[in-house]
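This is final-v1.cif (mmCIF, C-alpha atoms).
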```cif
data_target
#
loop_
_atom_site.group_PDB
_atom_site.id
_atom_site.type_symbol
_atom_site.label_atom_id
_atom_site.label_comp_id
_atom_site.auth_asym_id
_atom_site.auth_seq_id
_atom_site.Cartn_x
_atom_site.Cartn_y
_atom_site.Cartn_z
ATOM 1 C CA MET R 1 -24.465 3.023 35.157
ATOM 2 C CA ILE R 2 -22.451 -0.045 36.110
ATOM 3 C CA ARG R 3 -24.456 -3.242 36.429
ATOM 4 C CA SER R 4 -23.278 -6.068 38.591
ATOM 5 C CA SER R 5 -23.495 -9.616 37.367
ATOM 6 C CA ALA R 6 -23.486 -10.949 40.932
ATOM 7 C CA PRO R 7 -26.404 -13.267 41.765
ATOM 8 C CA ALA R 8 -27.665 -10.905 44.464
ATOM 9 C CA ALA R 9 -28.069 -8.133 41.897
ATOM 10 C CA ARG R 10 -30.082 -10.294 39.517
ATOM 11 C CA GLY R 11 -32.453 -12.056 41.904
ATOM 12 C CA ALA R 12 -33.621 -12.168 45.460
ATOM 13 C CA ARG R 13 -30.985 -11.468 48.061
ATOM 14 C CA PRO R 14 -30.244 -14.080 50.741
ATOM 15 C CA LEU R 15 -31.284 -11.989 53.762
ATOM 16 C CA THR R 16 -34.453 -10.914 51.988
ATOM 17 C CA VAL R 17 -35.341 -14.525 51.229
ATOM 18 C CA THR R 18 -34.576 -15.408 54.846
ATOM 19 C CA ALA R 19 -36.670 -12.501 56.171
ATOM 20 C CA THR R 20 -39.536 -13.567 53.918
ATOM 21 C CA ALA R 21 -39.445 -17.192 55.059
ATOM 22 C CA LEU R 22 -39.081 -16.372 58.737
ATOM 23 C CA THR R 23 -41.777 -13.692 58.709
ATOM 24 C CA ALA R 24 -44.061 -16.194 56.985
ATOM 25 C CA THR R 25 -43.229 -18.768 59.658
ATOM 26 C CA VAL R 26 -44.228 -16.479 62.517
ATOM 27 C CA ALA R 27 -47.300 -15.328 60.553
ATOM 28 C CA LEU R 28 -48.356 -18.951 60.074
ATOM 29 C CA TYR R 29 -47.759 -19.718 63.749
ATOM 30 C CA MET R 30 -49.812 -16.732 64.909
ATOM 31 C CA ALA R 31 -52.593 -17.494 62.426
ATOM 32 C CA LEU R 32 -52.759 -21.083 63.706
ATOM 33 C CA VAL R 33 -52.753 -19.924 67.332
ATOM 34 C CA ALA R 34 -55.555 -17.437 66.697
ATOM 35 C CA PHE R 35 -57.515 -19.969 64.637
ATOM 36 C CA GLY R 36 -57.134 -22.591 67.349
ATOM 37 C CA ASN R 37 -58.246 -20.193 70.064
ATOM 38 C CA ILE R 38 -61.280 -19.172 68.031
ATOM 39 C CA THR R 39 -62.353 -22.670 66.968
ATOM 40 C CA ASP R 40 -61.458 -24.352 70.280
ATOM 41 C CA PHE R 41 -62.295 -21.434 72.522
ATOM 42 C CA GLY R 42 -62.714 -23.434 75.716
ATOM 43 C CA THR R 43 -59.264 -25.010 75.962
ATOM 44 C CA ASN R 44 -57.166 -21.885 76.375
ATOM 45 C CA GLN R 45 -60.067 -20.106 78.021
ATOM 46 C CA GLN R 46 -59.507 -22.481 80.948
ATOM 47 C CA PHE R 47 -55.789 -21.739 80.839
ATOM 48 C CA VAL R 48 -56.383 -17.988 81.054
ATOM 49 C CA ARG R 49 -58.983 -18.434 83.816
ATOM 50 C CA HIS R 50 -56.642 -20.546 85.956
ATOM 51 C CA VAL R 51 -53.667 -18.201 85.472
ATOM 52 C CA LEU R 52 -55.700 -15.107 86.333
ATOM 53 C CA ALA R 53 -57.449 -16.812 89.269
ATOM 54 C CA MET R 54 -54.065 -18.003 90.589
ATOM 55 C CA ASP R 55 -55.860 -21.114 91.826
ATOM 56 C CA THR R 56 -52.906 -23.450 91.281
ATOM 57 C CA THR R 57 -50.196 -21.213 92.780
ATOM 58 C CA PHE R 58 -48.723 -21.390 96.293
ATOM 59 C CA LYS R 59 -51.653 -19.416 97.823
ATOM 60 C CA ASP R 60 -49.342 -16.860 99.384
ATOM 61 C CA ASP R 61 -51.511 -14.187 101.051
ATOM 62 C CA ASP R 62 -49.022 -11.537 99.939
ATOM 63 C CA LEU R 63 -49.727 -12.452 96.293
ATOM 64 C CA MET R 64 -53.313 -13.714 96.175
ATOM 65 C CA TRP R 65 -54.787 -10.206 96.241
ATOM 66 C CA ARG R 66 -53.647 -10.008 92.601
ATOM 67 C CA ALA R 67 -55.987 -12.811 91.513
ATOM 68 C CA ILE R 68 -58.811 -12.021 89.110
ATOM 69 C CA THR R 69 -61.649 -14.433 89.778
ATOM 70 C CA GLY R 70 -64.516 -12.816 87.884
ATOM 71 C CA LYS R 71 -65.262 -14.976 84.847
ATOM 72 C CA ALA R 72 -66.443 -11.997 82.766
ATOM 73 C CA LEU R 73 -63.152 -10.174 83.314
ATOM 74 C CA GLN R 74 -61.161 -13.365 82.651
ATOM 75 C CA ASP R 75 -63.068 -13.973 79.415
ATOM 76 C CA THR R 76 -62.623 -10.344 78.352
ATOM 77 C CA ALA R 77 -58.872 -10.738 78.802
ATOM 78 C CA TYR R 78 -58.953 -13.930 76.729
ATOM 79 C CA VAL R 79 -60.932 -12.304 73.898
ATOM 80 C CA LEU R 80 -58.475 -9.384 73.876
ATOM 81 C CA ILE R 81 -55.588 -11.870 73.623
ATOM 82 C CA ILE R 82 -57.268 -13.565 70.650
ATOM 83 C CA ALA R 83 -57.915 -10.193 68.974
ATOM 84 C CA TRP R 84 -54.248 -9.248 69.462
ATOM 85 C CA GLU R 85 -53.077 -12.623 68.069
ATOM 86 C CA THR R 86 -55.343 -12.206 65.050
ATOM 87 C CA ALA R 87 -54.155 -8.656 64.396
ATOM 88 C CA ALA R 88 -50.498 -9.724 64.690
ATOM 89 C CA ALA R 89 -51.087 -12.606 62.268
ATOM 90 C CA LEU R 90 -52.713 -10.275 59.741
ATOM 91 C CA VAL R 91 -49.908 -7.710 60.000
ATOM 92 C CA LEU R 92 -47.293 -10.454 59.548
ATOM 93 C CA LEU R 93 -49.196 -11.946 56.607
ATOM 94 C CA ALA R 94 -49.252 -8.505 54.978
ATOM 95 C CA GLY R 95 -45.532 -8.176 55.678
ATOM 96 C CA THR R 96 -44.909 -11.573 54.089
ATOM 97 C CA TRP R 97 -46.875 -10.509 51.014
ATOM 98 C CA LEU R 98 -44.781 -7.365 50.720
ATOM 99 C CA TRP R 99 -41.556 -9.375 51.033
ATOM 100 C CA ILE R 100 -42.752 -11.629 48.215
ATOM 101 C CA ARG R 101 -43.519 -8.564 46.093
ATOM 102 C CA ARG R 102 -40.025 -7.236 46.877
ATOM 103 C CA ASP R 103 -41.339 -4.074 48.499
ATOM 104 C CA THR R 104 -38.557 -4.272 51.067
ATOM 105 C CA PRO R 105 -39.025 -1.002 52.992
ATOM 106 C CA ARG R 106 -42.757 -1.568 53.568
ATOM 107 C CA ALA R 107 -42.218 -5.278 54.214
ATOM 108 C CA ARG R 108 -39.618 -4.455 56.841
ATOM 109 C CA THR R 109 -41.916 -1.907 58.477
ATOM 110 C CA LEU R 110 -44.957 -4.196 58.648
ATOM 111 C CA SER R 111 -42.872 -7.177 59.711
ATOM 112 C CA THR R 112 -41.297 -5.096 62.463
ATOM 113 C CA TYR R 113 -44.690 -4.028 63.765
ATOM 114 C CA GLY R 114 -46.097 -7.556 63.588
ATOM 115 C CA LEU R 115 -43.088 -9.075 65.324
ATOM 116 C CA LEU R 116 -43.227 -6.356 67.976
ATOM 117 C CA MET R 117 -46.885 -7.232 68.555
ATOM 118 C CA VAL R 118 -45.940 -10.897 69.058
ATOM 119 C CA MET R 119 -43.062 -10.004 71.371
ATOM 120 C CA LEU R 120 -45.259 -7.696 73.449
ATOM 121 C CA LEU R 121 -47.936 -10.374 73.801
ATOM 122 C CA PHE R 122 -45.560 -13.167 74.733
ATOM 123 C CA GLY R 123 -42.977 -11.055 76.587
ATOM 124 C CA ALA R 124 -44.992 -8.411 78.399
ATOM 125 C CA GLY R 125 -48.282 -10.314 78.455
ATOM 126 C CA PHE R 126 -47.407 -13.928 79.137
ATOM 127 C CA ILE R 127 -43.900 -13.823 80.630
ATOM 128 C CA ALA R 128 -44.119 -10.604 82.679
ATOM 129 C CA VAL R 129 -47.807 -10.281 83.572
ATOM 130 C CA GLY R 130 -48.810 -13.953 83.530
ATOM 131 C CA GLY R 131 -45.522 -15.338 84.777
ATOM 132 C CA GLU R 132 -44.642 -12.789 87.435
ATOM 133 C CA TRP R 133 -47.717 -10.744 88.351
ATOM 134 C CA PHE R 134 -50.040 -13.748 88.400
ATOM 135 C CA ALA R 135 -47.236 -16.111 89.550
ATOM 136 C CA MET R 136 -47.813 -18.578 86.701
ATOM 137 C CA TRP R 137 -44.287 -19.897 87.344
ATOM 138 C CA GLN R 138 -45.624 -21.454 90.571
ATOM 139 C CA SER R 139 -48.200 -23.620 88.781
ATOM 140 C CA LYS R 140 -47.367 -27.165 87.731
ATOM 141 C CA ASP R 141 -50.575 -27.458 85.682
ATOM 142 C CA TRP R 142 -51.055 -24.007 84.095
ATOM 143 C CA ASN R 143 -47.550 -22.772 83.361
ATOM 144 C CA GLY R 144 -46.956 -21.475 79.848
ATOM 145 C CA LEU R 145 -43.623 -19.764 80.446
ATOM 146 C CA ASP R 146 -41.515 -22.196 78.401
ATOM 147 C CA ALA R 147 -43.797 -21.891 75.371
ATOM 148 C CA ALA R 148 -43.973 -18.094 75.727
ATOM 149 C CA THR R 149 -40.187 -17.879 75.963
ATOM 150 C CA ARG R 150 -39.769 -19.960 72.794
ATOM 151 C CA VAL R 151 -42.144 -17.725 70.809
ATOM 152 C CA PHE R 152 -40.582 -14.554 72.232
ATOM 153 C CA THR R 153 -37.092 -15.783 71.288
ATOM 154 C CA LEU R 154 -38.139 -16.904 67.795
ATOM 155 C CA SER R 155 -39.799 -13.556 67.142
ATOM 156 C CA GLY R 156 -36.741 -11.690 68.385
ATOM 157 C CA VAL R 157 -34.435 -13.632 66.069
ATOM 158 C CA VAL R 158 -36.761 -12.990 63.132
ATOM 159 C CA LEU R 159 -36.881 -9.296 64.022
ATOM 160 C CA LEU R 160 -33.070 -9.154 63.914
ATOM 161 C CA VAL R 161 -33.017 -10.814 60.482
ATOM 162 C CA VAL R 162 -35.681 -8.414 59.221
ATOM 163 C CA GLN R 163 -33.614 -5.444 60.414
ATOM 164 C CA LEU R 164 -30.453 -6.841 58.802
ATOM 165 C CA THR R 165 -32.073 -6.582 55.368
ATOM 166 C CA THR R 166 -31.072 -2.915 55.343
ATOM 167 C CA ARG R 167 -27.535 -4.152 54.668
ATOM 168 C CA GLU R 168 -28.659 -5.563 51.306
ATOM 169 C CA GLU R 169 -30.165 -2.344 50.007
ATOM 170 C CA PRO R 170 -28.139 -0.604 47.320
ATOM 171 C CA ALA R 171 -26.444 2.596 48.349
ATOM 172 C CA THR R 172 -28.258 5.680 47.140
ATOM 173 C CA ALA R 173 -26.506 7.796 44.569
ATOM 174 C CA ARG R 174 -25.121 11.048 45.879
ATOM 175 C CA PRO R 175 -25.083 14.184 43.759
#
```

Exercise: express the given structure as structure tokens:
Amino acid sequence: MIRSSAPAARGARPLTVTATALTATVALYMALVAFGNITDFGTNQQFVRHVLAMDTTFKDDDLMWRAITGKALQDTAYVLIIAWETAAALVLLAGTWLWIRRDTPRARTLSTYGLLMVMLLFGAGFIAVGGEWFAMWQSKDWNGLDAATRVFTLSGVVLLVVQLTTREEPATARP
């Protein structure tokens, strides 16, 4: 067996270190978001209520039928968002732990799932459903599209880095 003396062969590889740090960054962000929504429930509860009620949009009759004004349904949606954020944070924290332990295949898998969860929440949930279906883009006061786009983009970049770690894996020996 030939052993390489290259730094990548002896220690952590650059993409793996990068994937670890970036996965940890998104995990920390999601944990802080979930924690904030749990400990300061009312602040973003109002945000979700206003977006779903469409009470600060242009009041176009062709769109207003989409509004959800029942507080119980609004609050259920908000609790489901918090549960999703919490689950994504936990998956990403587990992925970070696996990166640290150098269990690259499992780390990549968990990180991919966690990042997908974040991208679905911010892309499908906030940008598509909130932004378009509930016309959040029309609101000057309750418009979270810029923030959602930033998180979606960050998560997408991290997902690409995580997937690139396959390039650092040693080739398998062929018989």

Going by the chain IDs and residue numbers used in this file, which residues fall under the PyMOL selection byres ((chain R and resi 133-135) around 12)? Write them as a ChimeraX atom specification. /R:48-60,62-69,124-132,136-140,142-145

Restricting the calculation to all atoms listed in the file, which member of R:Thr109, R:Thr86, R:Thr96, R:Thr165 is positioned closest to Ala24 of chain R? R:Thr96

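Closest approach to Met117 of chain R from the set R:Thr104, R:Ser155, R:Thr16, R:Thr149 is made by R:Ser155, with distances taken over only C-alpha atoms.
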
Test item: which residues lie within 9 Å of (-29.0, -9.1, 57.8) counting all atoms listed in the file, as a ChimeraX atom specification: /R:14-16,18-19,160-168

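The smallest atom-to-atom distance between Ala72 of chain R and any of R:Thr39, R:Thr153, R:Thr23, R:Gln45, using all atoms listed in the file, is found for R:Gln45.
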
With all atoms listed in the file as the counted atoms, please give the residues lying no more than 7 Å from Met119 of chain R, apart from itself and same-chain residues fewer than 4 positions off, as a ChimeraX atom specification. /R:115,123,152,155

For C-alpha atoms, I'd like the residues from the last selection saved as a short mmCIF file (atom, residue, chain, number, x, y, z; two decimals), in the coordinates of the input.
```cif
data_model
loop_
_atom_site.label_atom_id
_atom_site.label_comp_id
_atom_site.auth_asym_id
_atom_site.auth_seq_id
_atom_site.Cartn_x
_atom_site.Cartn_y
_atom_site.Cartn_z
CA LEU R 115 -43.09 -9.07 65.32
CA GLY R 123 -42.98 -11.06 76.59
CA PHE R 152 -40.58 -14.55 72.23
CA SER R 155 -39.80 -13.56 67.14
#
```

One decimal, Å: what's the distance from atom CA of Val151 of chain R over to atom CA of Lys71 of chain R, could you say? 27.2 Å

Under the rule that only C-alpha atoms are counted, which of R:Leu92, R:Leu73, R:Leu80, R:Trp99 is the nearest residue to Tyr29 of chain R? R:Leu92

Find the residues with any atom within 10 Å of (-59.6, -19.8, 69.7); use all atoms listed in the file and the coordinates as given in the file, and write the answer as a PDB file with C-alpha atoms, keeping the file's coordinate frame.
```pdb
ATOM      1  CA  LEU R  32     -52.759 -21.083  63.706  1.00  0.00           C
ATOM      2  CA  VAL R  33     -52.753 -19.924  67.332  1.00  0.00           C
ATOM      3  CA  ALA R  34     -55.555 -17.437  66.697  1.00  0.00           C
ATOM      4  CA  PHE R  35     -57.515 -19.969  64.637  1.00  0.00           C
ATOM      5  CA  GLY R  36     -57.134 -22.591  67.349  1.00  0.00           C
ATOM      6  CA  ASN R  37     -58.246 -20.193  70.064  1.00  0.00           C
ATOM      7  CA  ILE R  38     -61.280 -19.172  68.031  1.00  0.00           C
ATOM      8  CA  THR R  39     -62.353 -22.670  66.968  1.00  0.00           C
ATOM      9  CA  ASP R  40     -61.458 -24.352  70.280  1.00  0.00           C
ATOM     10  CA  PHE R  41     -62.295 -21.434  72.522  1.00  0.00           C
ATOM     11  CA  GLY R  42     -62.714 -23.434  75.716  1.00  0.00           C
ATOM     12  CA  THR R  43     -59.264 -25.010  75.962  1.00  0.00           C
ATOM     13  CA  ASN R  44     -57.166 -21.885  76.375  1.00  0.00           C
ATOM     14  CA  GLN R  45     -60.067 -20.106  78.021  1.00  0.00           C
ATOM     15  CA  TYR R  78     -58.953 -13.930  76.729  1.00  0.00           C
ATOM     16  CA  VAL R  79     -60.932 -12.304  73.898  1.00  0.00           C
ATOM     17  CA  ILE R  81     -55.588 -11.870  73.623  1.00  0.00           C
ATOM     18  CA  ILE R  82     -57.268 -13.565  70.650  1.00  0.00           C
ATOM     19  CA  ALA R  83     -57.915 -10.193  68.974  1.00  0.00           C
ATOM     20  CA  GLU R  85     -53.077 -12.623  68.069  1.00  0.00           C
ATOM     21  CA  THR R  86     -55.343 -12.206  65.050  1.00  0.00           C
TER      22      THR R  86
END
```

By how many Å are atom CA of Leu90 of chain R and atom CA of Thr112 of chain R apart?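 If I compute the distance from atom CA of Leu90 of chain R to atom CA of Thr112 of chain R, I get 12.8 Å.
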
The residue from R:Ala88, R:Leu28, R:Val17, R:Val118 with the smallest atom-to-atom distance to Arg150 of chain R, counting all atoms listed in the file, is R:Val118

What is the atom CA of Ala107 of chain R to atom CA of Asp146 of chain R distance in Å?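 Interatomic distance here is 29.5 Å.
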
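Minimum atom-to-atom distance to Asp75 of chain R, evaluated using only C-alpha atoms, belongs to R:Gln46 out of R:Gln46, R:Tyr113, R:Ala148, R:Ala94.
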